[in-house]
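A.B. asks: I have a structure I would like to understand better, so I am pasting it below and will then ask my questions one at a time.
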Amino acid sequence: MDTAKTTPPSLLNETDLISLMDKHGIGTDATIHEHISKIQKRDFATCQNKLFRPTKLGLALVIGYKLMGHEFDLTSPHLRAWMEVEMKTVELGQQTKQEVTQKIVDRLMVM
């Protein structure tokens, strides 16, 4: 039997992060950089040597959500991607802003 140590996943650079956001339908060309800026301004992650590193606050939020049973929706891209799709329906005139806002609030309240 070989002995080995597990290693954490590699950190993301900005290109990788943008690619993942695009893959999951998060943001638009015009807003992706705003999202990246917000996670840094809110101290969820920092960018050091062109790599994004989670801060203690960012890690604490992920761990806290996991302990509460909310990690899937609140720390995965699925909730944000769903919200983006819902907001697009407002732009297309298929729903009102109030309808979409209520749907989002209802989903967050269930968590």
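Labels for the structure tokens follow display order: chains A, B, ..., residues from 1 in each chain, ligands from 1.
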Name the residues of chain A that come out as alpha helix (DSSP H) in a backbone DSSP run; write them as a ChimeraX atom specification.

C.D. replies: /A:14-23,32-41,56-68,71-75,77-91,97-110

A.B. asks: For Ala45 of chain A, please output as a list in words all residues within 6 Å (counting only C-alpha atoms; exclusion window: fewer than 6 positions along the same chain).

C.D. replies: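 Answer for this query is Ile39, Arg53, Pro54 and Thr55 of chain A.
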
A.B. asks: Neighbouring residues of Leu57 of chain A were defined as those with any atom within 7 Å, considering only C-alpha atoms; residues of the same chain fewer than 3 positions away were excluded. Please report them as a list in words.

C.D. replies: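 Here the qualifying residues turn out to be Asp43, Phe44, Ala60 and Leu61 of chain A.
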
A.B. asks: Compile the contact shell of segment 87-102 of chain A as a list of chain:residue names: residues with an atom at most 12 Å away, counting only C-alpha atoms, same-chain residues fewer than 6 positions apart removed.

C.D. replies: A:Gly25, A:Ile26, A:Gly27, A:Thr28, A:Arg80, A:Ala81, A:Leu108, A:Met109

A.B. asks: Include C-alpha atoms and write out the residues we just selected as a PDB file, in the first residue's frame.

C.D. replies:
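Ended up saving to again17.pdb:
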```
ATOM      1  CA  GLY A  25     -24.588  30.914 -16.872  1.00  0.00           C
ATOM      2  CA  ILE A  26     -23.520  33.360 -14.197  1.00  0.00           C
ATOM      3  CA  GLY A  27     -23.288  36.959 -15.325  1.00  0.00           C
ATOM      4  CA  THR A  28     -22.908  38.442 -18.758  1.00  0.00           C
ATOM      5  CA  ARG A  80     -27.063  32.118  -9.065  1.00  0.00           C
ATOM      6  CA  ALA A  81     -27.536  30.547 -12.502  1.00  0.00           C
ATOM      7  CA  LEU A 108     -34.302  31.591  -0.169  1.00  0.00           C
ATOM      8  CA  MET A 109     -36.864  31.401   2.642  1.00  0.00           C
TER       9      MET A 109
END
```

A.B. asks: Considering only C-alpha atoms, return as JSON, numbers by chain whatever protein or nucleic-acid residues lie within 12 Å of His70 of chain A, sequence-local ones (same chain, fewer than 3 positions apart) excluded.

C.D. replies: {"A": [61, 62, 63, 64, 65, 66, 67, 73, 74, 75, 76, 79, 107, 108, 109, 110, 111]}

A.B. asks: Report, in Å with one decimal, the straight-line distance from atom CA of Ala30 of chain A to atom CA of His78 of chain A.

C.D. replies: 20.1 Å

A.B. asks: Identify, with DSSP run on backbone atoms, the residues in chain A assigned to strand (DSSP E or B), and express the list as a PyMOL selection string.

C.D. replies: chain A and resi 12-13+45-48+51-54

A.B. asks: Those same residues - N, CA and C atoms - I'd like them written as an mmCIF file, in the first residue's frame.

C.D. replies:
```cif
data_model
loop_
_atom_site.group_PDB
_atom_site.id
_atom_site.type_symbol
_atom_site.label_atom_id
_atom_site.label_comp_id
_atom_site.auth_asym_id
_atom_site.auth_seq_id
_atom_site.Cartn_x
_atom_site.Cartn_y
_atom_site.Cartn_z
ATOM 1 N N LEU A 12 -7.925 29.117 -8.668
ATOM 2 C CA LEU A 12 -8.343 29.594 -9.982
ATOM 3 C C LEU A 12 -7.686 30.920 -10.307
ATOM 4 N N ASN A 13 -7.321 31.084 -11.562
ATOM 5 C CA ASN A 13 -6.926 32.409 -12.020
ATOM 6 C C ASN A 13 -8.170 33.064 -12.612
ATOM 7 N N ALA A 45 -12.924 36.570 -1.046
ATOM 8 C CA ALA A 45 -11.722 36.038 -1.695
ATOM 9 C C ALA A 45 -10.792 37.200 -2.010
ATOM 10 N N THR A 46 -9.527 36.873 -2.162
ATOM 11 C CA THR A 46 -8.542 37.857 -2.590
ATOM 12 C C THR A 46 -7.843 37.329 -3.839
ATOM 13 N N CYS A 47 -7.232 38.223 -4.562
ATOM 14 C CA CYS A 47 -6.463 37.821 -5.736
ATOM 15 C C CYS A 47 -4.996 38.124 -5.440
ATOM 16 N N GLN A 48 -4.217 37.066 -5.308
ATOM 17 C CA GLN A 48 -2.795 37.197 -5.015
ATOM 18 C C GLN A 48 -2.017 36.442 -6.078
ATOM 19 N N LEU A 51 -3.995 34.638 -8.673
ATOM 20 C CA LEU A 51 -4.796 33.487 -8.255
ATOM 21 C C LEU A 51 -5.767 33.913 -7.165
ATOM 22 N N PHE A 52 -7.002 33.417 -7.248
ATOM 23 C CA PHE A 52 -8.005 33.747 -6.242
ATOM 24 C C PHE A 52 -7.886 32.791 -5.072
ATOM 25 N N ARG A 53 -7.837 33.376 -3.871
ATOM 26 C CA ARG A 53 -7.742 32.596 -2.643
ATOM 27 C C ARG A 53 -8.928 32.954 -1.758
ATOM 28 N N PRO A 54 -9.609 31.958 -1.207
ATOM 29 C CA PRO A 54 -10.707 32.278 -0.279
ATOM 30 C C PRO A 54 -10.134 32.898 0.992
#
```

A.B. asks: Could you check the closest approach to Ile104 of chain A for each of A:Thr3, A:Met83, A:Lys50, A:Leu20 and tell me which residue wins, using only C-alpha atoms?

C.D. replies: A:Met83

A.B. asks: Provide the atom CA of Leu59 of chain A to atom CA of Leu11 of chain A distance in Å, to one decimal place.

C.D. replies: 13.7 Å

A.B. asks: May I have the residues within 9 Å of Ile18 of chain A as a PyMOL selection string, using only C-alpha atoms and disregarding those fewer than 5 positions away in the same chain?

C.D. replies: chain A and resi 13+23+32-33+36

A.B. asks: Only C-alpha atoms, please: the residues just picked out, written as a PDB file, in the first residue's frame.

C.D. replies:
```pdb
ATOM      1  CA  ASN A  13      -6.926  32.409 -12.020  1.00  0.00           C
ATOM      2  CA  LYS A  23     -20.202  27.651 -18.223  1.00  0.00           C
ATOM      3  CA  ILE A  32     -18.853  39.089 -14.857  1.00  0.00           C
ATOM      4  CA  HIS A  33     -16.105  41.493 -13.802  1.00  0.00           C
ATOM      5  CA  ILE A  36     -15.493  39.161  -9.393  1.00  0.00           C
TER       6      ILE A  36
END
```

A.B. asks: Could you tell me how far atom CA of Thr7 of chain A lies from atom CA of Ser37 of chain A, in Å and to one decimal?

C.D. replies: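 Taking atom CA of Thr7 of chain A and atom CA of Ser37 of chain A, their separation equals 27.7 Å.
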